[in-house]
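Reviewing the structure listed below.
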Amino acid sequence: MTLQLEIPDSVAQAMRLPGRERKKRLMVELALSLYAQGILAFGKARQLAEKNHYEFGQLLGQRHIIRHYEDVDMQEDLNYARGE
């Protein structure tokens, strides 16, 4: 299943971002927000943001977003450490 969001043209045009950066930046912002609210786990949020493990962790730190750490996160970290 794919989910599409519609942003009115007037809102998209009001964004202070070049058109080619909008989608990527919005996906990062959405991923950070959903992670901060506990709606998405770290792995899924970084996937949405299209960032690797390290990059997404850096973004969280820059935004002062506390890292949620659960069993599923530990397993993802172990898999990442094993190169999986």
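By order in the structure tokens, chains are A, B, ...; within a chain, residues start at 1; ligands start at 1, following the order shown.
Counting only C-alpha atoms, stretch 66-72 of chain A has the following residues at most 10 Å away, ignoring those fewer than 2 positions along the same chain: A:Tyr35, A:Ala36, A:Gln37, A:Gly38, A:Ala41, A:Phe42, A:Gly43, A:Gly57, A:Leu60, A:Gly61, A:Arg63, A:His64, A:Met74, A:Gln75, A:Glu76, A:Asp77, A:Leu78.
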Output for the residues just chosen: C-alpha atoms as a PDB file, in the first residue's frame:
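In the end it all went to again_20.pdb:
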```
ATOM      1  CA  TYR A  35       9.484   9.296  15.435  1.00  0.00           C
ATOM      2  CA  ALA A  36       9.411  12.025  18.101  1.00  0.00           C
ATOM      3  CA  GLN A  37       5.750  11.260  18.769  1.00  0.00           C
ATOM      4  CA  GLY A  38       6.410   7.517  19.056  1.00  0.00           C
ATOM      5  CA  ALA A  41      10.159   3.183  15.259  1.00  0.00           C
ATOM      6  CA  PHE A  42      13.693   4.322  14.456  1.00  0.00           C
ATOM      7  CA  GLY A  43      14.171   1.915  11.554  1.00  0.00           C
ATOM      8  CA  GLY A  57      20.699   9.420  14.474  1.00  0.00           C
ATOM      9  CA  LEU A  60      17.722  13.324  15.963  1.00  0.00           C
ATOM     10  CA  GLY A  61      20.638  14.778  17.898  1.00  0.00           C
ATOM     11  CA  ARG A  63      16.894  18.443  16.726  1.00  0.00           C
ATOM     12  CA  HIS A  64      17.295  17.380  20.363  1.00  0.00           C
ATOM     13  CA  MET A  74      17.939  -3.217  19.669  1.00  0.00           C
ATOM     14  CA  GLN A  75      17.365  -5.924  17.071  1.00  0.00           C
ATOM     15  CA  GLU A  76      17.701  -3.384  14.262  1.00  0.00           C
ATOM     16  CA  ASP A  77      20.944  -2.121  15.808  1.00  0.00           C
ATOM     17  CA  LEU A  78      22.287  -5.654  16.079  1.00  0.00           C
TER      18      LEU A  78
END
```
Nearby residues (only C-alpha atoms) at most 10 Å from stretch 23-26 of chain A, same-chain spacing under 3 positions excluded, as a VMD selection string = chain A and resid 12 17 to 20 29 to 32 48 to 50
Same residues, N, CA and C atoms, output as a PDB file, in the first residue's frame:
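Resulting contents of out.pdb:
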```
ATOM      1  N   ALA A  12       2.401  24.684  -1.033  1.00  0.00           N
ATOM      2  CA  ALA A  12       3.664  24.251  -1.642  1.00  0.00           C
ATOM      3  C   ALA A  12       4.469  25.442  -2.155  1.00  0.00           C
ATOM      4  N   LEU A  17      11.625  26.688  -0.023  1.00  0.00           N
ATOM      5  CA  LEU A  17      12.538  25.645  -0.490  1.00  0.00           C
ATOM      6  C   LEU A  17      12.451  25.559  -2.003  1.00  0.00           C
ATOM      7  N   PRO A  18      13.571  25.274  -2.660  1.00  0.00           N
ATOM      8  CA  PRO A  18      13.496  25.032  -4.100  1.00  0.00           C
ATOM      9  C   PRO A  18      12.599  23.822  -4.376  1.00  0.00           C
ATOM     10  N   GLY A  19      11.884  23.850  -5.455  1.00  0.00           N
ATOM     11  CA  GLY A  19      10.942  22.785  -5.791  1.00  0.00           C
ATOM     12  C   GLY A  19      11.537  21.395  -5.730  1.00  0.00           C
ATOM     13  N   ARG A  20      12.785  21.253  -6.172  1.00  0.00           N
ATOM     14  CA  ARG A  20      13.399  19.926  -6.206  1.00  0.00           C
ATOM     15  C   ARG A  20      13.723  19.389  -4.820  1.00  0.00           C
ATOM     16  N   GLU A  29      11.149  15.726   7.479  1.00  0.00           N
ATOM     17  CA  GLU A  29      10.399  16.382   8.556  1.00  0.00           C
ATOM     18  C   GLU A  29       9.296  15.470   9.091  1.00  0.00           C
ATOM     19  N   LEU A  30       8.608  14.781   8.194  1.00  0.00           N
ATOM     20  CA  LEU A  30       7.551  13.863   8.602  1.00  0.00           C
ATOM     21  C   LEU A  30       8.135  12.711   9.413  1.00  0.00           C
ATOM     22  N   ALA A  31       9.238  12.159   8.948  1.00  0.00           N
ATOM     23  CA  ALA A  31       9.876  11.048   9.660  1.00  0.00           C
ATOM     24  C   ALA A  31      10.306  11.467  11.065  1.00  0.00           C
ATOM     25  N   LEU A  32      10.939  12.630  11.186  1.00  0.00           N
ATOM     26  CA  LEU A  32      11.369  13.114  12.499  1.00  0.00           C
ATOM     27  C   LEU A  32      10.180  13.337  13.433  1.00  0.00           C
ATOM     28  N   LEU A  48      11.710   6.106   5.979  1.00  0.00           N
ATOM     29  CA  LEU A  48      10.869   7.160   5.420  1.00  0.00           C
ATOM     30  C   LEU A  48      11.708   8.378   5.037  1.00  0.00           C
ATOM     31  N   ALA A  49      12.692   8.703   5.860  1.00  0.00           N
ATOM     32  CA  ALA A  49      13.559   9.855   5.605  1.00  0.00           C
ATOM     33  C   ALA A  49      14.631   9.547   4.555  1.00  0.00           C
ATOM     34  N   GLU A  50      14.745   8.284   4.184  1.00  0.00           N
ATOM     35  CA  GLU A  50      15.779   7.827   3.244  1.00  0.00           C
ATOM     36  C   GLU A  50      17.174   8.183   3.751  1.00  0.00           C
TER      37      GLU A  50
END
```
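Atom CA of A:Ala45 to atom CA of A:Leu59 spans 11.4 Å [interatomic distance, one decimal].
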Looking only at the backbone, which of the residues in chain A does DSSP tag as alpha helix (DSSP H), as JSON, numbers by chain?
-> {"A": [9, 10, 11, 12, 13, 14, 19, 20, 21, 22, 23, 24, 25, 26, 27, 28, 29, 30, 31, 32, 33, 34, 35, 36, 42, 43, 44, 45, 46, 47, 48, 49, 53, 54, 55, 56, 57, 58, 59, 60, 61, 62, 71, 72, 73, 74, 75, 76, 77, 78, 79, 80, 81]}
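Among the candidates A:Met27, A:Gln62, A:Ile39, A:Arg46, the one nearest to A:Gln4 when counting only C-alpha atoms is A:Met27.
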Which distance in Å separates atom CA of A:Asn79 and atom CA of A:His53, to one decimal?
->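 Computing it gives 11.1 Å between the two atoms.
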Any idea what the distance is between atom CA of A:Met15 and atom CA of A:Gln47?
->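 According to the coordinates, atom CA of A:Met15 and atom CA of A:Gln47 are separated by 23.7 Å.
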